[in-house]
Structures are given as C-alpha cells and as structure tokens.
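Undergrad: Structure below; questions to follow.
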Amino acid sequence: MIPFLTNWFADVPGTAVPYALGALGLIICERSGVLNLTAEGLMLVGALAGVASYLEFGGHSGLSLVIAMISASAVSLLFAGLVVVLRVNQVIAGLSMVFFCQGLTGLLGIITGWQNKRITGLLPMTVWPLSEIPVVGKIFFMQDAVVYLTVVIYIVVNWWLFSTMMGLRIRAVGENPAAADAAGISVSLYRVLAIVIGSSLLGLAGAYISVVSVKLWVSGMTSGRGWIAVALVVFARWAPWPALGGALLFGCIEALIPHIAAAGIRVPQYLVMMTPYLATIAVMIWVGATQSVGTSEPGALGQPHVREERR
Amino acid sequence: MHDVAILKSGASSPKPHRARSRFVLDMRQSLPTWKQALFLGGSLAIGLAISVAILAIAGISPIQLAFELAGVFNATSLRGVLFQAAPMMLVGLAASLAFRLGFWNLGLEGQMLLGGIFAEGVSIYEIGPPQTRLVVMGIAAAIGGSLWCLLGGLLKMRFRVNEIIATLLLNYVAKYFLFHLLYGAWQDPKTAYPQSAPLRPFERLFDLGFGVNGGLLTAIAAVALAGWMVHLSRVGFYMRIISANPSMAKVLGVPIRAITIWIVLISGACAGLAGFVNVASQEGRLTDSYADGYLFSGALIAFLSRNDPLVVAIVGFLVAVLFITGQTLQVFYQIPFTMVQLIEAIIVMSVASSEFFIRHRIRWLRQESA
C-alpha cells in the first residue's frame with residue numbers, strides 16, 4: 001500500500017502543474033474583468049510552440065518553455081484586440097479563440113511535420129540529499145524544475161496582484177471600470193496587460209504538457225484541461241491559493257488513473273478516463289450549492305467598458 | 001476602504017488626463033440597413049481574405065481553391081453537400097434555439113454522440129419491426145440527445161453550474177462513453193477499428209434522388225417547425241420576453257422554468273437527430289469521429305443566422321459547402337481538417353467585430369492643450 005501511495009503522490013505535482021498555471025493565468029485575466037474562455041486554445045498554442053522550438057532550436061527545454069509563453073501571449077493579443085478594443089461579446093470571442101487555436105495548431109503541426117515527433121524534454125531533477133528520504137523524498141524532491149517554479153510563480157503573482165500598485169489597478173479595473181477610469185487608470189491598457197501576462201502562464205501550462213509530461217505534440221493534446229482550469233477559477237473564487245489547492249485535487253485524480261491499471265485493478269479504461277471531467281462537474285455542483293450567486297466574482301466580469309456609454 | 005485610499009493618494013497615482021486630442025466613441029442611435037450590410041459584408045470579406053491567405057501559405061493557391069469550390073457544385077459533389085447539409089442544419093438549429101434563450105449549449109457534439117449511440121442501440125437490440133426501424137432509431141436519437149442536454153440544463157437550473165463549462169465537459173464524458181462501447185461490447189468483430197458493425201440496409205437513410213434523403217427532409221421539417229415555434233407560437237413570444245428581460249418575464253408570470261426545460265429538450269433533440277443522420281447516412285455505422293467539428297459549426301451557424309431558424313437553413317447549407325471543401329482539401333492536398341475550424345473561427349471573429357462599427361462611431365476629438 002505504501003509503494004502504491006508513494007508512486008501515486010509522486011505523480012501528483014506533475015499532473016497538477018498545468019491546472020495550477022492555467023488557473024493562475026485565468027485569475028490574472030479575469031481579475032481585470034475579462035471573462036477568459038480561451039484557456040484550452042492558448043494551452044494548445046503553448047504546447048505546440050514548446051515542442052516546435054525544442055525541435056528547431058537544438059533541444060533546450062528552458063528556452064522552449066519561454067518561447068511557448070511568448071507565443072501564447074502573442075496570440076492572446078488577438079483576443080485582447082477583440083474584447084478590449086472592439087468590445088466583442090467575451091463568450092463569443094473566447095470560444096472563437098479556442099477553435100481558432102485548435103485549427104491553427106492542428107494545421108501548423110501537420111504542414112511543418114512537428115506532429116508525433118518524440119522529444120527528450122525536461123527531465124526530473126534530484127534534490128540530493130533530501131531525495132534520499134524514504135517516502136517524502138520521492139514525492140517532494142524528485143520533481144522537474146517547473147514544479148518548483150510553479151510555487152515561485154504563485155508567490156510572485158500573489159504579491160504582484162495584491163501588494164503592488166499595478167495589481168491594485170488591475171483589480172480596480174475588474175471591479176469597477178467606470179470608477180477606475182474616473183481615477184485616471186486606463187481601463188484598456190490594464191486589461192490588455194492582464195490578458196497578455198495571464199496568457200503567458202496559459203502558454204507555460206500547455207508547454208508543460210507537451211515538453212515535460214507527454215514529450216510529444218499531437219493535435220488537440222490538452223483534451224479539455226483548459227476547460228477544467230476555467231472551472232477551477234470559479235471553484236477557487238478568483239483567488240490564487242485556493243486555485244493551487246484545487247489544482248492539486250485534480251492532479252490527484254488524474255494521477256490516479258494510470259496507477260489503477262498498474263495495480264492490477266480491472267476497471268473499464270475509458271470509463272475511468274471520464275473521472276477528471278465528472279470530478280469537475282461534481283466540484284462545480286458543490287460550489288453552486290455552497291456559494292451565493294455573484295458574491296466572489298470580479299464586479300465587472302464579462303462587461304466591456306465604453307466610457308461614452310450611459311448606464 | 002484601504003484600497004480606495006491608495007487609489008486617491010497623490011504620489012503614486014497616474015497623471016490626470018490633460019486636455020488633449022484623442023479618439024472618442026459615439027454610440028450610434030441607429031444606422032441605415034444598407035450601411036449595416038456594408039459593414040457586415042466588409043468585415044466578412046476581410047475574414048475570408050485572411051482565410052484565403054492562410055490557405056495560400058498552407059500550399060493551396062487561390063486559383064486551386066476557386067477550382068475546388070466550383071467543383072463542389074457538380075452533380076456528385078452537390079449530393080455530398082446535400083447529405084452534409086442535414087446534420088449542419090440540425091446542429092445549427094440546436095445551437096440557435098438554445099442561444100436565443102441565453103442558454104449556451106456547447107454540448108452539441110456530446111448530444112450528437114448520445115443520439116448516435118441511442119440509434120445504434122435500437123439497431124443492435126433490434127427494437128421494432130424492420131418497416132419502422134428507422135423511425136424508432138430517429139426517436140431514440142432525439143431522446144438520447146435531449147437527455148444529455150437536459151443534464152446540462154439541470155446542472156444550471158438546480159445547482160447553478162455555468163452551462164458553458166457543464167455542457168462542454170459532458171462532451172468529453174460522452175466521447176469516452178463512445179470509446180468504451182467502440183473498443184468494447186459494440187466493436188465490429190470483423191475489424192480492428194473502433195467502429196460498430198454496419199447497419200442493416202433498412203436502417204440506413206438512402207438517397208431518394210438528387211441527394212435528398214430522409215435526413216434532409218427531417219432537417220427541413222425541423223427548421224419549419226422551429227420557425228413556426230419561434231416566430232408564431234406562444235413559446236416564441238415567451239422566449240423573446242425572457243431573453244429581453246428575465247426579471248420582467250418573472251414579474252409578468254412567464255413560465256421561465258418550463259420554457260427553459262422545453263427549449264433545452266428541443267435543442268438536445270435536434271443535436272441528437274444530427275448524430276443519428278450522420279450515423280445512418282454518411283457513415284452507415286457507429287464510428288469514433290462522426291461528431292467531430294460540429295460543435296463550433298453549430299455555434300457559427302447560430303451566430304451568423306442571428307438565431308433565426310429560417311436563416312439557419314441557408315447558413316447550414318453554406319457551412320456544408322465549407323465542410324465538403326475541407327474534406328476535398330484533406331484528401332487531395334493533405335490539408336488537415338482542422339483548417340475548417342480555423343476558417344470558421346476567423347469568420348465569427350470578423351463578423352463579431354463588425355458589430356462594433358455598427359454600434360459605435362469613432363471620432364477624432366481635437367482639443368487645444370492649455
């Protein structure tokens with residue numbers, strides 16, 4: 001039982017990272033009042049860009065993760081143009097971004113030949129001598145660098161969003177754009193900023209899946225993780241630390257799937273693969289049953305701001 | 001309170017706006033129809049131009065593209081388009097009815113899968129005599145789709161789960177359920193592929209002539225019924241009140257709950273029928289991919305037709321042309337089928353952007369600085 005639990009929990013950080021980074025990126029964006037449904041698409045962009053730059057630039061994992069972040073940010077400028085400049089309905093813009101990215105990455109992956117090319121990717125590191133501790137060592141000190149980086153990113157973003165002027169302005173723009181505008185804060189500028197920075201984390205989340213976990217690019221490989229991240233943001237009530245907790249919960253569920261089969265327990269494979277989606281729905285039911293409507297979401301979530309518009 | 005104090009404190013707050021020239025947005029009260037059409041047509045043209053440019057980069061010159069598009073309208077391809085138009089119109093209908101009420105039904109693919117599975121189930125367990133088998137399969141498909149959609153609807157109404165997330169996640173659940181069947185009990189023992197045994201001849205929608213089959217007739221009947229419901233019936237009138245002002249609808253005593261459940265059921269039934277049509281006409285068996293690409297196609301059709309069922313028929317036909325062209329490009333030029341999704345997304349983005357110019361006027365405000 002102990003080896004089973006150790007192996008299972010050792011896989012949890014790796015499966016939790018995409019959810020954690022994705023949800024954090026979405027929180028940054030949605031705190032500025034932009035409802036962001038693009039996660040699934042931008043994670044795909046990051047995943048493809050990660051593998052592509054790994055293949056093209058001589059296999060530097062760190063470099064490919066950075067390029068993936070930049071690529072996702074660049075593509076998110078299109079979303080920013082649609083919802084911030086042109087005030088397109090944010091649900092419609094977000095959905096079309098997802099399918100835009102699915103189409104674009106699917107097309108690029110085939111015509112460039114990046115699809116189905118196995119890469120070495122980023123390997124786990126061993127924090128010696130801590131990694132020699134019996135159970136704890138394998139779970140906490142034999143992970144890849146991004147796992148530790150994720151914790152750092154969480155601390156930095158939490159500080160940036162809640163203890164700096166810029167973070168305050170982003171939240172002000174999301175709570176009450178009219179008041180923020182009157183106080184001299186450029187609503188458009190801060191919303192674009194939040195979208196671009198948030199999207200870079202979505203790109204990193206996607207690249208983690210392709211460069212670190214799967215070590216391969218296949219069209220549509222994020223398989224709904226972006227949507228689970230969107231749900232996770234609601235579950236976390238737009239706060240970073242609960243999102244990390246939620247990500248670990250989903251990491252536990254997803255990491256359990258391969259270990260069930262490995263332990264020789266016979267269950268229908270495809271029914272087990274439903275569990276992350278069913279668990280998300282279950283969590284959303286719990287949120288709906290315990291939270292009163294609209295208490296925790298940013299005040300202006302989903303509303304475009306036009307200064308000249310009378311309300 | 002603390003936050004507000006920081007916002008107002010002098011040193012770190014941004015500089016106040018000086019009098020300077022800038023762009024301002026005027027809200028337009030109204031715009032002549034021809035101008036609206038001009039903006040819409042202009043942005044659609046830009047979107048299509050971008051799509052053609054992307055195809056050119058992918059290796060299809062505009063001349064080849066024009067050739068392939070023209071090829072769609074010869075007799076054999078037109079039959080394919082008419083075959084394809086039926087599921088398109090049905091998913092477009094499913095999306096437009098739900099969107100009209102403000103219910104973001106993004107579970108179209110899952111509902112199609114359930115429709116196909118229910119129809120296949122009728123065939124496998126041989127329910128009903130051969131003469132009425134197709135009808136029973138169609139009804140079962142409609143029930144399957146509407147039950148799957150109702151699940152999303154109940155999650156929203158009973159537990160306040162956002163229906164965008166709920167219906168989307170249910171797509172994945174449906175997909176894995178399909179895999180469970182196709183890699184398990186329902187797999188055709190004669191093949192290694194994830195597909196069921198072929199349907200019997202009397203369980204297939206055959207061509208009645210000129211590419212018209214039972215699926216297309218069903219779709220046209222559904223469009224006509226939905227048009228009547230939306231434009232003439234009491235349900236349509238209630239739907240307009242609910243989408244215009246939900247709290248007003250409540251005060252007026254409109255049965256919001258009943259109408260929502262009804263529309264959710266109808267929407268799911270349309271998507272389920274679309275799944276049945278694909279299984280029973282194009283594929284002839286349950287495969288692992290008969291619903292792929294229909295979710296965004298349905299949303300696109302609903303968006304372009306402004307949720308009007310009668311326009312859905314026309315737009316559905318055009319999207320069917322796009323689908324068939326996409327399949328041609330895939331077969332002859334190795335362009336992946338996701339290209340179709342890319343073009344669809346570009347079209348939605350460009351048309352959605354045109355609304356900004358229809359609703360606002362951008363004006364350059366000149367101000368002399370003091």
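Chain identifiers are assigned as A, B, and so on, following the order in which chains appear in the structure tokens; residues are numbered from 1 within each chain, and ligands are numbered from 1 in order of appearance.
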Would you list the contacts of region 229-232 of chain B as number ranges by chain, taking every protein, DNA or RNA residue within 9 Å and counting only C-alpha atoms, but skipping same-chain residues closer than 4 positions in sequence?
TA: B: 97, 224-225, 236-237, 239-240, 308-309
Undergrad: Can those selected residues be exported to a file as a JSON list (two decimals), in the first residue's frame so that it contains C-alpha atoms?
TA:
[["chain", "number", "residue", "atom", "x", "y", "z"],
["B", 97, "LEU", "CA", -32.75, 27.72, -30.20],
["B", 224, "ALA", "CA", -40.07, 24.73, -40.45],
["B", 225, "LEU", "CA", -41.37, 23.63, -37.05],
["B", 236, "GLY", "CA", -41.57, 32.01, -29.16],
["B", 237, "PHE", "CA", -43.25, 35.05, -27.68],
["B", 239, "MET", "CA", -38.72, 33.29, -25.38],
["B", 240, "ARG", "CA", -38.44, 36.86, -26.63],
["B", 308, "ASP", "CA", -33.32, 32.73, -36.66],
["B", 309, "PRO", "CA", -34.31, 29.13, -37.53]]
Undergrad: Please identify every residue of chain B that has at least one atom no more than 7 Å from any atom of chain A, counting only C-alpha atoms, and report them as an MDAnalysis selection string.
TA: chainID B and resid 14:17 25:27 159:161 165:166 169 173 176:177 179:180 336 338:339 341:342 345:346 348:349 352:353 356
Undergrad: Could you save the residues just selected, with N, CA and C atoms, as a short mmCIF file (atom, residue, chain, number, x, y, z; two decimals), in the first residue's frame?
TA:
data_model
loop_
_atom_site.label_atom_id
_atom_site.label_comp_id
_atom_site.auth_asym_id
_atom_site.auth_seq_id
_atom_site.Cartn_x
_atom_site.Cartn_y
_atom_site.Cartn_z
N PRO B 14 -1.69 57.59 -11.20
CA PRO B 14 -1.32 58.06 -12.53
C PRO B 14 -1.70 59.52 -12.74
N LYS B 15 -1.06 60.12 -13.74
CA LYS B 15 -1.32 61.54 -14.01
C LYS B 15 -2.76 61.72 -14.48
N PRO B 16 -3.43 62.80 -14.08
CA PRO B 16 -4.78 63.04 -14.56
C PRO B 16 -4.77 63.37 -16.05
N HIS B 17 -5.90 63.10 -16.72
CA HIS B 17 -5.97 63.39 -18.15
C HIS B 17 -5.88 64.89 -18.39
N LEU B 25 -15.55 57.45 -28.67
CA LEU B 25 -16.55 56.58 -29.28
C LEU B 25 -17.92 57.20 -29.08
N ASP B 26 -18.65 57.37 -30.16
CA ASP B 26 -20.03 57.80 -30.04
C ASP B 26 -20.92 56.59 -30.19
N MET B 27 -21.97 56.53 -29.36
CA MET B 27 -22.93 55.45 -29.53
C MET B 27 -23.87 55.86 -30.66
N PHE B 159 -28.31 23.50 -9.76
CA PHE B 159 -27.09 23.69 -8.96
C PHE B 159 -26.31 24.94 -9.36
N ARG B 160 -26.86 25.73 -10.27
CA ARG B 160 -26.23 26.98 -10.72
C ARG B 160 -24.82 26.76 -11.26
N VAL B 161 -24.61 25.60 -11.90
CA VAL B 161 -23.34 25.36 -12.58
C VAL B 161 -23.38 26.09 -13.91
N ILE B 165 -19.42 25.54 -19.10
CA ILE B 165 -18.48 24.54 -18.62
C ILE B 165 -19.14 23.17 -18.54
N ALA B 166 -20.37 23.14 -18.00
CA ALA B 166 -21.04 21.85 -17.80
C ALA B 166 -21.25 21.14 -19.12
N LEU B 169 -17.88 19.98 -20.74
CA LEU B 169 -17.26 18.82 -20.10
C LEU B 169 -18.04 17.55 -20.41
N VAL B 173 -17.15 13.46 -21.57
CA VAL B 173 -17.73 12.27 -20.95
C VAL B 173 -18.40 11.40 -22.01
N TYR B 176 -15.80 9.58 -24.20
CA TYR B 176 -15.19 8.40 -23.58
C TYR B 176 -16.20 7.26 -23.46
N PHE B 177 -17.48 7.60 -23.27
CA PHE B 177 -18.50 6.56 -23.25
C PHE B 177 -18.57 5.87 -24.61
N PHE B 179 -16.09 5.64 -26.76
CA PHE B 179 -14.89 4.81 -26.86
C PHE B 179 -15.08 3.50 -26.09
N HIS B 180 -15.70 3.62 -24.91
CA HIS B 180 -15.95 2.44 -24.09
C HIS B 180 -16.75 1.41 -24.88
N PRO B 336 -4.96 19.39 -43.14
CA PRO B 336 -5.77 18.78 -42.08
C PRO B 336 -7.15 19.42 -41.96
N THR B 338 -8.77 20.37 -39.51
CA THR B 338 -8.92 21.46 -38.54
C THR B 338 -8.91 22.81 -39.23
N MET B 339 -8.42 22.85 -40.48
CA MET B 339 -8.48 24.07 -41.30
C MET B 339 -9.90 24.64 -41.31
N GLN B 341 -12.15 24.47 -38.99
CA GLN B 341 -12.40 25.17 -37.73
C GLN B 341 -11.73 26.52 -37.71
N LEU B 342 -10.51 26.57 -38.27
CA LEU B 342 -9.77 27.84 -38.31
C LEU B 342 -10.55 28.88 -39.11
N ALA B 345 -13.63 30.02 -37.26
CA ALA B 345 -13.31 30.95 -36.17
C ALA B 345 -13.02 32.34 -36.72
N ILE B 346 -12.28 32.40 -37.84
CA ILE B 346 -11.96 33.71 -38.43
C ILE B 346 -13.24 34.41 -38.87
N VAL B 348 -16.29 34.03 -37.61
CA VAL B 348 -17.02 34.53 -36.43
C VAL B 348 -16.37 35.78 -35.89
N MET B 349 -15.02 35.76 -35.80
CA MET B 349 -14.32 36.93 -35.27
C MET B 349 -14.59 38.16 -36.13
N ALA B 352 -18.23 39.31 -35.76
CA ALA B 352 -18.46 39.89 -34.43
C ALA B 352 -17.83 41.27 -34.33
N SER B 353 -16.67 41.46 -34.97
CA SER B 353 -16.03 42.77 -34.93
C SER B 353 -16.85 43.82 -35.65
N PHE B 356 -19.11 46.15 -33.69
CA PHE B 356 -18.54 47.32 -33.03
C PHE B 356 -18.72 48.56 -33.89
#
Undergrad: Report as a short mmCIF file (atom, residue, chain, number, x, y, z; two decimals) with C-alpha atoms, in the first residue's frame all protein, DNA and RNA residues lying within 12 Å of Leu189 (chain A), evaluated on only C-alpha atoms, omitting residues in the same chain fewer than 4 positions from it.
TA:
data_model
loop_
_atom_site.label_atom_id
_atom_site.label_comp_id
_atom_site.auth_asym_id
_atom_site.auth_seq_id
_atom_site.Cartn_x
_atom_site.Cartn_y
_atom_site.Cartn_z
CA SER A 32 -9.23 42.67 -14.73
CA LEU A 77 -3.16 39.93 -28.43
CA ALA A 80 -7.27 41.42 -26.44
CA GLY A 81 -7.98 43.30 -29.67
CA VAL A 84 -10.82 45.24 -25.23
CA VAL A 85 -10.63 47.33 -28.40
CA MET A 166 -0.16 47.60 -10.73
CA ARG A 169 -5.14 48.85 -10.66
CA ILE A 170 -5.82 45.59 -12.47
CA VAL A 173 -10.42 47.84 -13.48
CA PRO A 177 -14.07 50.11 -14.66
CA ALA A 180 -11.11 53.29 -12.25
CA ASP A 181 -11.42 55.30 -15.46
CA GLY A 184 -7.28 58.17 -14.30
CA ILE A 185 -6.48 54.49 -14.85
CA LEU A 193 -1.76 43.84 -19.80
CA ALA A 194 -3.70 41.33 -17.70
CA ILE A 195 -4.65 39.29 -20.79
CA VAL A 196 -1.07 39.17 -22.10
CA HIS A 305 -16.13 49.20 -20.86
#
Undergrad: If we count only C-alpha atoms, what is near region 146-154 of chain A at a cut-off of 9 Å, once residues fewer than 2 positions away on the same chain are taken out, given as a list in words?
TA: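 Once the adjacent positions are removed, what remains is Pro13, Gly14, Ala16, Val17, Ala20, Leu21, Leu24, Leu122, Gln143, Asp144, Val156, Val157, Asn158, Trp159, Tyr208, Val212, Pro240, Trp241 and Leu244 of chain A.
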Undergrad: Restricted to C-alpha atoms, what would the selected residues look like written as a compact mmCIF listing (two decimals), in the first residue's frame?
TA:
# COMPACT_ATOMS: atom_id res chain seq x y z
CA PRO A 13 2.75 17.58 -8.81
CA GLY A 14 3.40 16.85 -12.48
CA ALA A 16 -1.28 19.38 -11.15
CA VAL A 17 1.11 21.91 -12.76
CA ALA A 20 -2.26 25.32 -11.42
CA LEU A 21 -0.57 27.52 -14.03
CA LEU A 24 -3.48 31.29 -12.21
CA LEU A 122 12.66 18.27 -19.48
CA GLN A 143 10.30 16.61 -9.45
CA ASP A 144 11.17 18.67 -12.52
CA VAL A 156 5.22 36.29 -7.11
CA VAL A 157 1.80 36.62 -8.73
CA ASN A 158 0.08 36.71 -5.37
CA TRP A 159 2.39 39.53 -4.29
CA TYR A 208 4.47 21.74 -19.66
CA VAL A 212 7.66 17.86 -19.83
CA PRO A 240 -4.69 32.17 -6.27
CA TRP A 241 -4.03 29.88 -3.27
CA LEU A 244 -3.43 25.81 -6.25
Undergrad: Residues within 8 Å of Leu273 (chain B), please, as a list in words. Count only C-alpha atoms; anything in the same chain fewer than 6 positions from it doesn't count.
TA: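 Here the qualifying residues turn out to be Pro87, Leu90, Met112, Gly115, Gly116, Gly138, Ala141, Ala142 and Gly145 of chain B.
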Undergrad: Which polymer residues have any atom within 7 Å of an atom of Met43 (chain A), counting only C-alpha atoms, with same-chain residues fewer than 2 positions away left out, as a compact mmCIF listing (two decimals) with N, CA and C atoms, in the first residue's frame?
TA:
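As a result, out_25.txt now contains:
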# COMPACT_ATOMS: atom_id res chain seq x y z
N ALA A 39 -8.58 29.48 -22.55
CA ALA A 39 -7.54 28.64 -21.97
C ALA A 39 -7.20 27.42 -22.82
N GLU A 40 -8.23 26.66 -23.22
CA GLU A 40 -7.98 25.44 -23.98
C GLU A 40 -7.17 25.73 -25.25
N GLY A 41 -7.50 26.85 -25.91
CA GLY A 41 -6.81 27.19 -27.15
C GLY A 41 -5.38 27.64 -26.91
N VAL A 45 -1.60 26.36 -28.09
CA VAL A 45 -0.57 27.18 -28.72
C VAL A 45 0.75 27.00 -27.98
N GLY A 46 0.69 27.05 -26.64
CA GLY A 46 1.90 26.87 -25.86
C GLY A 46 2.50 25.48 -26.06
N ALA A 47 1.62 24.47 -26.11
CA ALA A 47 2.11 23.10 -26.27
C ALA A 47 2.83 22.93 -27.60
N LEU A 202 -0.77 30.58 -19.37
CA LEU A 202 -1.50 29.52 -20.09
C LEU A 202 -0.57 28.82 -21.07
N GLY A 203 0.29 29.61 -21.73
CA GLY A 203 1.25 29.03 -22.66
C GLY A 203 2.21 28.10 -21.96
N ALA A 205 1.62 26.51 -19.17
CA ALA A 205 0.85 25.32 -18.79
C ALA A 205 0.77 24.34 -19.95
N GLY A 206 0.50 24.87 -21.15
CA GLY A 206 0.41 23.99 -22.32
C GLY A 206 1.75 23.36 -22.64
N GLY A 226 -7.92 22.82 -20.36
CA GLY A 226 -8.18 24.26 -20.31
C GLY A 226 -9.55 24.55 -19.73
Undergrad: May I have all residues of region 171-277 of chain A that DSSP, computed from the backbone, assigns to helix (DSSP H, G or I), given as a count of residues only?
TA: 80
